[in-house]
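Engineer: This is the structure I want to talk about, given as structure tokens.
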Amino acid sequence: MLKIKNLHASVDDKVILKGINLEVNAGEVHAIMGPNGSGKSTLAAVIAGKEEFHITEGSVELEGEDLEDSAPEDRAHKGIFMSFQYPVEIPGVSVTNFMKTAINETRKAHGLEDMPANEMLKLIREKSELLEIDRKFLSRSLNEGFSGGEKKRNEIFQMAMLEPKLAILDETDSGLDIDALRIVANGVNKLKSKKNAVILITHYQRLLEYIVPDFVHVLHDGKIVKSGGKELAFELEEKGYDWLKNEAVL
Amino acid sequence: MAYTEEELKKELETKEYEYGFYTDIASDTMPIGLNEEVIIAISKKKEEPDWMTAWRLESYKYWLEMVEPNWANIRYKKPDFQAISYYSAPNSKPKYNSLDEVDPELLDTFKKLGISVDEQKKLTGVAVDIVMDSVSVATTFKKTLSEKGIIFCSISEAIKEHPELVKKYMGSIVPQKDNFYAALNSAVFTDGSFCYIPKGVRCPMELSTYFRINQAGTGQFERTLVIADEGSYVSYLEGCTAPSRDENQLHAAVVELIALDNAEIKYSTVQNWYPGDKEGKGGVFNFVTKRGLCEKNAKISWTQVETGSAITWKYPSCILKGDNSIGEFYSIAVTNNLQQADTGTKMIHLGKNTRSTIISKGISAGKSQNSYRGLVQVNSRAENARNFSQCDSLLMGNECGAHTFPYIEVKNKSAQIEHEATTSKIGEDQIFYCNQRGIPTEKAIALIVNGFSKEVLNKLPMEFAVEAQKLLEISLEGSVG
């Protein structure tokens with residue numbers, strides 16, 4: 001589904017990604033771990049198409065199509081979703097209105113009519129139950145005054161609504177207490193299928209107890225220095241990142 | 001000055017302004033310039049009684065002694081008042097009994113605007129008093145209204161049919177010499193709307209007027225007078241769009257509202273005059289004086305969405321004379337490219353327990369300048385007056401400006417005044433967040449702007465709110481790139 005080849009990317013002339021290779025197939029969950037500043041969030045932003053990040057070498061392909069010239073909204077229409085580490089506030093725009101706009105814009109891009117209101121309501125009801133979201137929450141302004149946990153749960157709710165092919169969860173576990181983490185993880189697990197794929201970006205192994213990855217990759221200084229199965233996460237937890245930093249030098 | 005067919009064609013081709021078309025109706029235009037003869041001629045054309053002619057001439061004398069105000073935060077080339085024609089009326093003027101009799105081309109104009117009269121009639125039950133180039137050409141629903149004793153007609157008709165009301169109230173809220181533009185309007189106003197709601201009557205429909213400037217080089221001087229008698233209620237909608245023109249067009253309207261004891265007037269405006277092009281060429285100069293008077297327990301609520309005009313100078317105000325009276329001002333002002341707006345309100349608290357609320361939302365894009373200017377004045381006898389003001393500014397890009405000039409004058413210690421102000425910028429992060437969810441940038445901006453303006457949009461009547469939302473989108477198109 002996603003093919004990243006020798007990806008180099010920079011922001012403000014600062015090189016952050018220095019040759020990433022990664023292949024993600026439908027039905028797989030990949031975890032990308034690494035210390036602060038290793039380039040994890042940059043990788044997510046580059047896949048999502050954030051403008052200030054420039055690909056200087058290599059490529060990102062989704063289902064065989066190079067994404068370089070594709071605008072962020074086009075990538076979203078193609079099925080890429082990113083859960084933000086710091087979701088932004090949009091005052092006066094309710095969660096429901098925001099989702100309605102997002103879904104209808106995506107439908108429009110695919111030549112479809114707006115989703116009928118009753119269908120939309122049904123979808124909202126279904127997905128909010130899945131994530132144990134109080135319906136009152138949906139009429140609040142997007143992320144305004146939300147707690148850390150509410151923001152992250154709202155991100156996963158949006159993912160549930162948009163049903164992406166590829167979901168990138170950027171530090172979704174940060175700032176979550178154990179209950180919120182469980183709810184978010186349950187949501188992601190329920191949304192997993194043979195047709196979609198998930199990339200989990202995380203600093204800690206904690207999230208991986210709830211969402212079990214098929215593959216774990218360790219990012220250090222803009223490169224994947226080690227890949228393995230879920231055991232790699234436990235090993236990292238035990239030995240810390242320094243163990244790999246040393247290994248990378250060798 | 002001459003506006004040729006060729007230019008017109010070019011203008012239609014470029015079609016920068018969506019409503020930039022021109023209706024070819026034979027019109028009756030007075031030569032340019034202003035003097036006593038012109039004023040007498042206007043009055044004569046309108047078959048006015050002598051007292052009206054005298055009132056105009058008196059206003060003209062005041063005007064001659066006045067100078068244009070220059071305290072507002074706007075910069076423009078002052079209009080040459082002798083280069084304007086002060087009267088232009090469509091020729092096919094007769095009173096229509098039904099819409100079928102109206103010039104089809106005129107109806108077509110309204111269709112292009114998406115506000116066709118028949119559509120309005122069917123969908124919303126709104127009675128529309130259409131003012132096109134200063135003369136009312138159609139008044140609908142008059143019968144339903146007259147059964148309730150409501151008078152809704154053109155001001156010219158009111159001068160003839162209801163002189164006692166006009167004599168009593170015209171100029172009582174906005175005196176002839178109130179300001180330069182009000183004096184000019186008092187001298188040369190050509191038409192406008194008049195509305196009277198009798199005691200205890202709740203007007204069963206939204207009264208609506210669509211203004212439209214249609215003749216190259218003619219200024220537009222509307223005069224509106226709304227009187228809500230004791231215990232009555234009326235909601236009045238004023239909307240305007242103008243076709244695009246190369247030379248600047250002057251618009252100096254006067255609106256007076258009178259809410260007698262226990263009456264309520266809701267006055268909503270959507271203003272979409274031609275704003276000029278990207279280089280700041282053309283566009284309407286909008287110098288408007290709007291003021292309302294509240295007697296005991298009365299309420300006046302101004303709601304405005306200002307997206308058009310090159311220059312906007314406008315301060316819809318409330319004089320809270322009666323005890324327990326309420327004044328409200330809800331405003332959205334959008335400026336883009338080189339537009340300039342200096343707008344706000346005055347809340348004058350004279351009576352006891354008077355309350356006022358001001359919610360102002362300014363949105364600036366391009367190289368525009370957007371100023372809020374407001375006065376809250378509490379008189380020494382106004383015990384327990386309360387005011388809440390909130391002024392929020394939203395900036396798009398780095399070249400525009402937002403300014404807030406709040407004036408507070410309090411002469412009574414029991415007053416409670418609150419003022420809140422915020423300034424924010426549409427961030428790249430907000431846009432990217434929307435993009436990532438599949439929402440393109442233009443749509444994202446519309447969403448953010450609508451969210452920002454929501455408190456005010458919610459105050460508009462339903463069908464107006466939808467139109468206003470669309471206008472916000474149109475006026476900010478291409479403002480980010």
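Naming works like this for the structure tokens: A, B, ... for the chains as they're shown, residue 1 at the start of each chain, ligands 1 onward in shown order.
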Show me which bits of chain A are within 9 Å of chain B, counting only C-alpha atoms, as a PyMOL selection string.
Structural biologist: chain A and resi 48-51+71-77+80-82+84+87-94+98-99+101-106+109+141+158+162
Engineer: Extract, using only C-alpha atoms, all DNA, RNA and protein residues at most 12 Å from Cys294 of chain B, discarding same-chain residues fewer than 6 positions from it, and format them as a count of residues only.
Structural biologist: 38
Engineer: Quick one: of A:Ser83, A:Ser41, A:Asn25, A:Asn143, who's nearest to Met1 of chain A, counting only C-alpha atoms?
Structural biologist: A:Asn25
Engineer: For Phe405 of chain B, which residue among B:Ala72, B:Ile363, B:Leu460, B:Ala382 is the nearest when counting only C-alpha atoms?
Structural biologist: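 Of B:Ala72, B:Ile363, B:Leu460, B:Ala382, the one nearest Phe405 of chain B, counting only C-alpha atoms, is B:Ala72.
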Engineer: Env of Thr172 of chain A: 12 Å cut, atoms = only C-alpha atoms, seq-sep filter 4 positions within chain, self excluded. Answer as a PyMOL selection string.
Structural biologist: chain A and resi 31+41+82-87+148-156+167-168+176-177+180-185+188+199-204+206-208+211
Engineer: To one decimal place, how far is atom CA of Leu250 of chain B from atom CA of His162 of chain B in Å?
Structural biologist: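 Result for atom CA of Leu250 of chain B versus atom CA of His162 of chain B: 29.3 Å, one decimal.
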